$ cat run03.cif   # mmCIF, C-alpha atoms and all ligand atoms
data_entry
loop_
_atom_site.label_atom_id
_atom_site.label_comp_id
_atom_site.auth_asym_id
_atom_site.auth_seq_id
_atom_site.Cartn_x
_atom_site.Cartn_y
_atom_site.Cartn_z
CA MET W 1 -6.51 -45.53 38.98
CA THR W 2 -8.12 -48.26 36.89
CA LEU W 3 -6.08 -51.45 36.58
CA PRO W 4 -6.52 -53.91 33.72
CA LYS W 5 -9.45 -56.14 34.49
CA ALA W 6 -10.17 -59.63 33.13
CA HIS W 7 -13.71 -60.75 32.39
CA GLU W 8 -15.52 -61.34 35.65
CA TRP W 9 -16.00 -65.03 34.88
CA ILE W 10 -12.24 -65.41 34.43
CA GLN W 11 -11.41 -63.66 37.70
CA GLU W 12 -13.58 -66.25 39.44
CA MET W 13 -11.64 -69.18 37.94
CA ALA W 14 -9.29 -71.32 40.03
CA PRO W 15 -5.92 -72.09 38.42
CA TYR W 16 -5.41 -75.60 37.02
CA VAL W 17 -3.46 -77.91 39.34
CA PRO W 18 -1.54 -80.55 37.32
CA GLY W 19 -0.56 -83.98 38.61
CA ARG W 20 2.25 -83.64 41.12
CA SER W 21 5.75 -84.41 39.81
CA THR W 22 8.12 -83.61 42.70
CA VAL W 23 8.45 -84.62 46.36
CA GLU W 24 10.77 -82.86 48.74
CA GLY W 25 13.76 -85.01 49.66
CA ILE W 26 13.19 -87.58 46.89
CA THR W 27 15.30 -87.18 43.77
CA GLU W 28 13.36 -89.35 41.34
CA PRO W 29 9.77 -89.89 42.38
CA VAL W 30 7.72 -92.49 40.51
CA LYS W 31 5.15 -90.47 38.61
CA LEU W 32 1.89 -92.36 38.21
CA SER W 33 -0.24 -89.23 38.28
CA SER W 34 -0.61 -88.00 34.69
CA ASN W 35 -1.48 -91.05 32.57
CA GLU W 36 1.81 -90.86 30.73
CA SER W 37 3.12 -93.93 28.92
CA ALA W 38 5.44 -96.25 30.81
CA PHE W 39 6.23 -98.19 27.64
CA GLY W 40 7.84 -95.37 25.69
CA ALA W 41 7.62 -94.10 22.14
CA SER W 42 8.64 -95.83 18.91
CA PRO W 43 12.44 -95.66 18.48
CA LYS W 44 11.76 -94.50 14.91
CA ALA W 45 9.75 -91.56 16.23
CA LEU W 46 12.56 -90.62 18.60
CA GLU W 47 15.13 -90.80 15.79
CA ALA W 48 12.95 -88.54 13.63
CA PHE W 49 12.63 -86.11 16.53
CA LYS W 50 16.42 -85.90 16.96
CA ALA W 51 16.99 -85.37 13.25
CA THR W 52 15.05 -82.08 13.34
CA ALA W 53 17.70 -80.23 15.39
CA GLY W 54 19.18 -78.65 12.26
CA THR W 55 15.89 -77.18 11.06
CA LEU W 56 14.64 -75.40 14.16
CA MET W 57 15.16 -71.96 12.60
CA ARG W 58 12.20 -72.78 10.32
CA TYR W 59 8.52 -72.46 11.10
CA PRO W 60 6.64 -75.76 10.90
CA ASP W 61 4.25 -76.62 8.08
CA ALA W 62 1.17 -74.57 8.98
CA ASN W 63 -1.20 -77.20 7.60
CA SER W 64 0.49 -80.32 8.94
CA GLU W 65 0.08 -81.76 5.44
CA ALA W 66 2.42 -84.76 5.75
CA LEU W 67 1.16 -85.69 9.22
CA ARG W 68 -2.47 -85.52 8.12
CA GLU W 69 -1.64 -87.73 5.13
CA ALA W 70 0.13 -90.27 7.36
CA ILE W 71 -2.79 -90.42 9.82
CA ALA W 72 -5.29 -90.69 6.95
CA ASP W 73 -3.27 -93.49 5.37
CA ILE W 74 -3.01 -95.61 8.53
CA HIS W 75 -6.58 -95.03 9.71
CA LYS W 76 -8.16 -95.08 6.20
CA LEU W 77 -9.59 -91.59 6.63
CA ASP W 78 -10.01 -88.48 4.50
CA ALA W 79 -7.02 -86.18 5.16
CA ASP W 80 -9.15 -83.10 4.43
CA LYS W 81 -11.27 -83.80 7.50
CA ILE W 82 -8.24 -84.05 9.81
CA MET W 83 -6.89 -81.16 11.83
CA CYS W 84 -3.73 -81.44 13.92
CA GLY W 85 -3.19 -79.54 17.14
CA ALA W 86 -0.81 -78.85 20.01
CA GLY W 87 -2.17 -81.85 21.87
CA SER W 88 -5.85 -82.65 21.60
CA ASP W 89 -6.26 -80.12 24.42
CA GLU W 90 -5.79 -77.37 21.85
CA LEU W 91 -8.48 -78.83 19.59
CA LEU W 92 -10.95 -79.30 22.46
CA THR W 93 -10.28 -75.71 23.54
CA LEU W 94 -10.74 -74.41 19.99
CA LEU W 95 -14.12 -76.13 19.75
CA ILE W 96 -15.35 -74.34 22.87
CA HIS W 97 -13.92 -70.98 21.78
CA THR W 98 -15.47 -71.34 18.34
CA PHE W 99 -18.95 -72.51 19.27
CA ALA W 100 -19.69 -71.15 22.77
CA GLY W 101 -19.84 -67.81 24.56
CA PRO W 102 -21.89 -66.04 27.23
CA GLY W 103 -25.44 -67.36 27.29
CA ASP W 104 -24.52 -70.67 25.67
CA GLU W 105 -24.46 -74.05 27.39
CA VAL W 106 -21.84 -76.79 27.16
CA ILE W 107 -22.68 -80.28 28.43
CA TYR W 108 -20.21 -82.81 29.86
CA SER W 109 -20.13 -85.46 32.56
CA GLN W 110 -19.76 -84.50 36.21
CA TYR W 111 -16.68 -86.70 36.52
CA GLY W 112 -14.82 -86.10 33.32
CA PHE W 113 -11.92 -84.37 31.68
CA MET W 114 -11.02 -81.04 33.34
CA VAL W 115 -10.43 -79.14 30.10
CA TYR W 116 -14.16 -78.93 29.29
CA PRO W 117 -15.30 -77.03 32.42
CA VAL W 118 -12.18 -74.87 32.49
CA GLN W 119 -12.46 -73.69 28.88
CA THR W 120 -16.23 -73.34 29.13
CA ARG W 121 -15.70 -70.88 31.96
CA ALA W 122 -12.93 -69.15 30.02
CA VAL W 123 -15.39 -68.14 27.29
CA GLY W 124 -18.11 -67.14 29.77
CA ALA W 125 -20.44 -69.96 28.71
CA THR W 126 -22.41 -72.10 31.18
CA GLY W 127 -21.16 -75.60 31.88
CA ILE W 128 -23.76 -78.28 32.57
CA ALA W 129 -22.23 -81.22 34.47
CA VAL W 130 -24.44 -84.29 34.15
CA PRO W 131 -23.99 -87.02 36.82
CA ASN W 132 -22.25 -90.14 35.48
CA LYS W 133 -23.97 -93.48 35.08
CA ASN W 134 -21.90 -96.58 35.89
CA TRP W 135 -18.96 -94.13 35.87
CA ALA W 136 -19.36 -93.39 32.13
CA ALA W 137 -21.53 -90.75 30.45
CA ASP W 138 -25.26 -90.99 31.22
CA ILE W 139 -26.77 -90.76 27.74
CA ASP W 140 -30.34 -90.11 28.91
CA GLY W 141 -29.15 -87.60 31.51
CA ILE W 142 -27.27 -85.72 28.81
CA LEU W 143 -30.25 -85.74 26.45
CA ASP W 144 -32.47 -84.42 29.27
CA ALA W 145 -29.99 -81.58 29.83
CA VAL W 146 -30.13 -80.33 26.23
CA THR W 147 -31.83 -76.95 25.80
CA GLU W 148 -32.11 -74.35 23.05
CA ASP W 149 -28.87 -72.87 24.36
CA THR W 150 -26.81 -76.08 24.12
CA LYS W 151 -23.90 -75.67 21.72
CA LEU W 152 -21.60 -78.60 22.51
CA VAL W 153 -21.72 -82.02 24.15
CA PHE W 154 -18.40 -83.53 25.23
CA ILE W 155 -18.00 -87.26 25.82
CA ASP W 156 -14.58 -88.42 26.95
CA ASN W 157 -14.86 -92.02 25.85
CA PRO W 158 -13.26 -93.75 27.67
CA ASN W 159 -13.68 -91.33 30.54
CA ASN W 160 -10.84 -89.69 32.44
CA PRO W 161 -10.65 -90.05 35.48
CA THR W 162 -12.98 -93.06 35.78
CA GLY W 163 -11.62 -95.27 32.98
CA ALA W 164 -15.18 -96.39 32.10
CA TYR W 165 -16.58 -96.26 28.55
CA ASN W 166 -19.80 -95.94 26.58
CA THR W 167 -20.64 -98.58 23.98
CA TRP W 168 -20.89 -97.56 20.35
CA ALA W 169 -24.62 -98.30 20.44
CA GLU W 170 -25.01 -95.74 23.24
CA ILE W 171 -23.01 -93.13 21.33
CA GLU W 172 -25.13 -93.70 18.22
CA ARG W 173 -28.30 -93.41 20.29
CA LEU W 174 -27.04 -90.13 21.78
CA HIS W 175 -26.22 -88.73 18.37
CA ALA W 176 -29.55 -89.78 16.87
CA ALA W 177 -31.48 -87.92 19.58
CA LEU W 178 -29.30 -84.79 19.62
CA PRO W 179 -30.40 -81.72 17.63
CA GLU W 180 -28.24 -81.29 14.53
CA SER W 181 -27.28 -77.80 15.73
CA VAL W 182 -25.35 -79.26 18.68
CA VAL W 183 -21.72 -80.29 18.13
CA LEU W 184 -21.01 -83.77 19.52
CA VAL W 185 -17.35 -84.06 20.53
CA LEU W 186 -16.04 -87.60 20.98
CA ASP W 187 -12.79 -87.25 22.92
CA ALA W 188 -11.10 -90.60 22.28
CA ALA W 189 -7.73 -89.94 23.92
CA TYR W 190 -7.53 -93.61 25.02
CA ALA W 191 -9.03 -95.22 21.90
CA GLU W 192 -5.83 -97.15 21.11
CA CYS W 193 -5.86 -99.07 24.40
CA VAL W 194 -9.55 -99.97 24.53
CA THR W 195 -10.10 -103.74 24.41
CA ALA W 196 -13.91 -103.78 24.69
CA GLN W 197 -15.43 -105.21 21.52
CA ASP W 198 -18.50 -102.94 21.57
CA TYR W 199 -16.43 -99.73 21.49
CA GLN W 200 -15.73 -97.43 18.56
CA ALA W 201 -13.86 -94.15 18.70
CA GLY W 202 -16.08 -92.17 16.33
CA GLU W 203 -14.82 -92.13 12.72
CA ALA W 204 -17.95 -93.89 11.45
CA LEU W 205 -20.22 -91.18 12.86
CA VAL W 206 -18.02 -88.39 11.51
CA GLU W 207 -18.39 -89.89 8.03
CA ARG W 208 -22.17 -89.66 8.04
CA ALA W 209 -23.00 -86.67 10.26
CA ASN W 210 -22.40 -82.92 9.99
CA ASN W 211 -22.20 -82.22 13.70
CA VAL W 212 -19.63 -84.72 15.00
CA ILE W 213 -15.91 -84.41 15.67
CA MET W 214 -13.57 -86.99 17.22
CA THR W 215 -10.30 -86.03 18.92
CA ARG W 216 -7.24 -88.25 19.29
CA THR W 217 -3.78 -87.84 20.77
CA PHE W 218 -0.16 -88.91 20.50
CA SER W 219 0.24 -88.32 24.24
CA LYS W 220 -1.04 -91.63 25.61
CA MET W 221 -0.42 -94.93 23.78
CA TYR W 222 2.07 -93.26 21.39
CA ALA W 223 4.02 -91.92 24.40
CA LEU W 224 4.76 -88.46 22.98
CA ALA W 225 3.02 -86.28 25.60
CA GLY W 226 5.98 -83.90 25.79
CA LEU W 227 5.73 -83.07 22.09
CA ARG W 228 2.08 -81.95 22.29
CA VAL W 229 0.55 -83.49 19.18
CA GLY W 230 -3.10 -84.38 18.78
CA TRP W 231 -5.57 -84.59 15.92
CA ALA W 232 -9.24 -84.30 15.23
CA TYR W 233 -11.44 -85.91 12.59
CA GLY W 234 -14.55 -83.90 11.96
CA ALA W 235 -17.32 -82.83 9.66
CA PRO W 236 -15.91 -80.37 7.07
CA GLY W 237 -18.02 -77.48 8.42
CA ILE W 238 -16.53 -77.91 11.90
CA ILE W 239 -12.95 -78.38 10.69
CA ASP W 240 -13.35 -75.23 8.58
CA VAL W 241 -14.41 -72.93 11.42
CA ILE W 242 -11.97 -74.16 14.07
CA GLY W 243 -9.28 -73.81 11.41
CA ARG W 244 -9.99 -70.09 11.22
CA VAL W 245 -9.40 -69.67 14.95
CA ARG W 246 -6.37 -71.88 15.51
CA MET W 247 -2.84 -70.53 15.60
CA PRO W 248 -1.12 -71.10 12.23
CA PHE W 249 1.98 -72.94 13.49
CA ASN W 250 0.33 -74.99 16.22
CA VAL W 251 2.24 -78.26 15.70
CA CYS W 252 5.97 -77.78 16.26
CA VAL W 253 8.77 -78.72 13.84
CA PRO W 254 9.91 -81.86 15.76
CA GLY W 255 6.30 -82.87 16.34
CA HIS W 256 5.56 -83.51 12.68
CA PRO W 257 8.16 -86.18 11.74
CA ALA W 258 8.02 -87.78 15.19
CA ALA W 259 4.24 -88.23 15.03
CA ILE W 260 4.45 -89.44 11.43
CA GLU W 261 6.94 -92.17 12.38
CA ALA W 262 4.91 -93.00 15.49
CA VAL W 263 1.67 -93.55 13.59
CA ARG W 264 3.45 -95.57 10.89
CA ASP W 265 5.05 -97.84 13.48
CA GLN W 266 1.93 -99.85 14.22
CA ASN W 267 4.04 -102.79 15.45
CA HIS W 268 5.33 -100.60 18.25
CA LEU W 269 1.80 -99.41 19.00
CA ARG W 270 0.61 -103.02 19.25
CA ALA W 271 3.40 -103.81 21.69
CA SER W 272 2.53 -100.72 23.72
CA VAL W 273 -1.13 -101.74 23.88
CA ALA W 274 -0.27 -105.35 24.81
CA PHE W 275 1.89 -104.08 27.67
CA ASN W 276 -0.92 -101.79 28.78
CA THR W 277 -3.56 -104.53 28.70
CA LYS W 278 -1.38 -106.95 30.64
CA TRP W 279 -0.59 -104.53 33.45
CA ARG W 280 -4.09 -103.09 33.60
CA LEU W 281 -5.42 -106.60 34.32
CA TRP W 282 -2.67 -107.29 36.81
CA LEU W 283 -3.12 -104.07 38.72
CA ALA W 284 -6.92 -104.42 38.82
CA ASP W 285 -6.60 -108.01 40.15
CA GLN W 286 -4.12 -106.98 42.82
CA LEU W 287 -6.24 -104.04 43.98
CA ARG W 288 -9.39 -106.17 44.09
CA ALA W 289 -7.55 -108.78 46.14
CA LEU W 290 -6.95 -106.00 48.68
CA ASP W 291 -10.73 -105.44 48.87
CA LEU W 292 -10.49 -102.02 47.27
CA GLY W 293 -13.15 -100.79 44.87
CA VAL W 294 -11.86 -101.01 41.30
CA ILE W 295 -13.69 -99.46 38.38
CA ASP W 296 -13.24 -101.47 35.16
CA SER W 297 -10.79 -99.51 33.03
CA GLN W 298 -10.31 -99.30 29.28
CA THR W 299 -7.47 -96.79 29.67
CA ASN W 300 -3.89 -96.65 30.98
CA PHE W 301 -4.96 -95.87 34.54
CA ILE W 302 -7.22 -97.29 37.22
CA LEU W 303 -9.56 -95.39 39.53
CA VAL W 304 -9.54 -97.04 42.96
CA GLU W 305 -11.98 -96.52 45.81
CA PHE W 306 -10.72 -96.64 49.39
CA PRO W 307 -12.75 -97.18 52.55
CA LYS W 308 -13.56 -94.23 54.77
CA GLY W 309 -11.66 -93.81 58.05
CA ASP W 310 -7.97 -94.21 58.74
CA LYS W 311 -7.36 -96.25 55.57
CA CYS W 312 -8.92 -93.59 53.35
CA ALA W 313 -7.75 -92.41 49.95
CA LEU W 314 -6.12 -89.23 51.20
CA ALA W 315 -4.16 -91.07 53.90
CA CYS W 316 -2.98 -93.57 51.30
CA ASN W 317 -2.03 -90.72 48.98
CA GLU W 318 0.11 -89.18 51.72
CA PHE W 319 1.72 -92.52 52.48
CA LEU W 320 2.55 -93.15 48.81
CA THR W 321 3.87 -89.61 48.35
CA SER W 322 6.16 -89.93 51.37
CA ARG W 323 7.61 -93.09 49.74
CA GLY W 324 8.15 -91.28 46.43
CA TYR W 325 5.12 -92.66 44.56
CA LEU W 326 2.91 -89.99 43.02
CA VAL W 327 -0.69 -90.90 42.15
CA ARG W 328 -3.60 -88.58 41.52
CA ALA W 329 -6.00 -87.42 44.22
CA LEU W 330 -9.10 -85.85 42.68
CA PRO W 331 -11.00 -83.21 44.67
CA PRO W 332 -14.41 -84.17 43.19
CA LEU W 333 -13.79 -87.84 44.15
CA PRO W 334 -12.33 -87.70 47.68
CA ASP W 335 -12.65 -91.46 48.29
CA HIS W 336 -10.68 -92.37 45.17
CA LEU W 337 -7.16 -92.29 43.80
CA ARG W 338 -6.30 -92.49 40.11
CA ILE W 339 -3.23 -94.64 39.48
CA SER W 340 -1.58 -94.52 36.05
CA LEU W 341 0.05 -97.74 34.87
CA GLY W 342 3.83 -97.67 35.22
CA THR W 343 6.68 -100.02 34.37
CA ALA W 344 6.55 -103.58 35.71
CA GLU W 345 8.71 -102.58 38.64
CA GLN W 346 6.65 -99.46 39.40
CA ASN W 347 3.36 -101.38 39.26
CA GLN W 348 4.73 -103.99 41.66
CA GLY W 349 6.11 -101.17 43.81
CA VAL W 350 2.85 -99.30 44.15
CA ILE W 351 0.96 -102.50 45.04
CA ALA W 352 3.56 -103.41 47.68
CA LEU W 353 3.20 -99.94 49.21
CA ILE W 354 -0.60 -100.01 49.21
CA LYS W 355 -0.44 -103.43 50.95
CA GLU W 356 1.92 -101.97 53.52
CA PHE W 357 -0.41 -98.99 54.00
CA LEU W 358 -3.44 -101.20 54.51
CA GLY W 359 -1.50 -103.51 56.81
CA SER W 360 -2.51 -106.57 54.76
C1 LIG B 401 -4.88 -86.99 28.12
C2 LIG B 401 -6.23 -86.60 27.63
C3 LIG B 401 -6.40 -85.73 26.55
C4 LIG B 401 -5.36 -85.05 25.80
O1 LIG B 401 -4.22 -84.83 25.91
P1 LIG B 401 -3.25 -84.05 24.94
O2 LIG B 401 -1.95 -84.36 25.51
O3 LIG B 401 -3.63 -82.61 25.00
O4 LIG B 401 -3.48 -84.61 23.56
C5 LIG B 401 -7.67 -85.46 26.11
N1 LIG B 401 -8.73 -86.00 26.69
C6 LIG B 401 -8.63 -86.84 27.72
C7 LIG B 401 -9.85 -87.42 28.30
C8 LIG B 401 -7.37 -87.15 28.24
O5 LIG B 401 -7.27 -87.96 29.30
#
$ encode --input "run03.cif" --output "structure tokens"
Amino acid sequence: MTLPKAHEWIQEMAPYVPGRSTVEGITEPVKLSSNESAFGASPKALEAFKATAGTLMRYPDANSEALREAIADIHKLDADKIMCGAGSDELLTLLIHTFAGPGDEVIYSQYGFMVYPVQTRAVGATGIAVPNKNWAADIDGILDAVTEDTKLVFIDNPNNPTGAYNTWAEIERLHAALPESVVLVLDAAYAECVTAQDYQAGEALVERANNVIMTRTFSKMYALAGLRVGWAYGAPGIIDVIGRVRMPFNVCVPGHPAAIEAVRDQNHLRASVAFNTKWRLWLADQLRALDLGVIDSQTNFILVEFPKGDKCALACNEFLTSRGYLVRALPPLPDHLRISLGTAEQNQGVIALIKEFLGS
């Protein structure tokens, strides 16, 4: 008997393990493990979401026309170069499925967003993980890794899980040295909360190059992760081909008006970013005062290094979990924990627990 058989490279894949969200015996754990917003979405976006209940028998607009127009209007972009997706995850996945297959190479940083290696494997392409430099992408390392088989380069800028970023000058230098046949993907999921002055998300490069695409999301600073809405801004040739592969109704009915109201409510976004900046500084200061290694973050989370021995990261993770605080342990970085920013009370709570754990 011959049973159905997946591609060999897929059989070898390990399933994705998401950030933990439950603890036995604790009814409402504090979830600081998935970089979700603690500030919450625009009330206008939530109202718009609720108002869609009566229209759920309809398919959504297949071209996300109104949402693309709203994004273009706020960001001063060309709506024709925007594509919306079921989270930016969908758009990142589409890029890999469209441009790479067996025999092709996809470059990303060793410590970076999980979607790139997972989807690269899914299409049978070869992933090239380049060691990070100062926790961000190593531009020269990436350029050295380019071969005739390279199809895509992914830069999560700022990087998840490190929180570090590459300056715009570095990104421009990377692009200038990259063959035009290679697609440069600038994954700017945290662009809204970056405060560094020498950062840019990528629009400017998209406007003047044919091989660049930037991805953005409503999941982080806009606090709509549950709705799954993201967008990309790319060279027309790239938008055209990924558009042929994507599913026609990829952004759901409630997702459209909610995201439109969210992007129009820039006052709410500013408040969300101010909250994020304030607590990011506070948390980093507190962790440094405990003599822990803190990587400068431009995101809504902080990667913290623990000493080896009985006060190690995994022991701290167990301690926090037992007290109902969920942070992220990362198998490739066993000495670190990634802590997403929470509410004021949750941030104070996690610091108090880490102090208790360290006995300081
Ligand atoms: C959170 C995140 C995303 C995307 O999330 P979606 O919810 O799919 O839009 C993309 N890239 C990075 C680096 C992220 O951290």
$ residues_near_point --input "run03.cif" --point "(-35.8, -77.9, 24.0)" --cutoff "12 Å" --atoms "only C-alpha atoms" --output "ChimeraX atom specification"
/W:143-150,177-179,181-182
$ write_last_selection --input "run03.cif" --atoms "C-alpha atoms" --output "PDB file, in the frame of the given file"
ATOM      1  CA  LEU W 143     -30.250 -85.740  26.450  1.00  0.00           C
ATOM      2  CA  ASP W 144     -32.470 -84.420  29.270  1.00  0.00           C
ATOM      3  CA  ALA W 145     -29.990 -81.580  29.830  1.00  0.00           C
ATOM      4  CA  VAL W 146     -30.130 -80.330  26.230  1.00  0.00           C
ATOM      5  CA  THR W 147     -31.830 -76.950  25.800  1.00  0.00           C
ATOM      6  CA  GLU W 148     -32.110 -74.350  23.050  1.00  0.00           C
ATOM      7  CA  ASP W 149     -28.870 -72.870  24.360  1.00  0.00           C
ATOM      8  CA  THR W 150     -26.810 -76.080  24.120  1.00  0.00           C
ATOM      9  CA  ALA W 177     -31.480 -87.920  19.580  1.00  0.00           C
ATOM     10  CA  LEU W 178     -29.300 -84.790  19.620  1.00  0.00           C
ATOM     11  CA  PRO W 179     -30.400 -81.720  17.630  1.00  0.00           C
ATOM     12  CA  SER W 181     -27.280 -77.800  15.730  1.00  0.00           C
ATOM     13  CA  VAL W 182     -25.350 -79.260  18.680  1.00  0.00           C
TER      14      VAL W 182
END
$ residues_near_ligand --input "run03.cif" --ligand "ligand LIG 401 (chain B)" --cutoff "7 Å" --atoms "only C-alpha atoms and all ligand atoms" --output "list in words"
Asn35, Ala86, Gly87, Ser88, Asp89, Glu90, Phe113, Asp156, Asn159, Asn160, Asp187, Ala188, Ala189, Arg216, Thr217, Phe218, Ser219, Lys220, Ala225, Arg228, Val229 and Gly230 of chain W
$ closest_residue --input "run03.cif" --among "W:Val294, W:Thr299, W:Arg338, W:Pro236" --to "Leu314 (chain W)" --atoms "all atoms listed in the file"
W:Arg338
$ atom_distance --input "run03.cif" --atom1 "CA of Asn132 (chain W)" --atom2 "CA of Asp291 (chain W)"
23.4 Å
$ residues_around --input "run03.cif" --residues "Phe306 (chain W)" --least-positions-apart "2" --cutoff "8 Å" --atoms "only C-alpha atoms" --output "ChimeraX atom specification"
/W:292-293,304,308,311-313,335-337
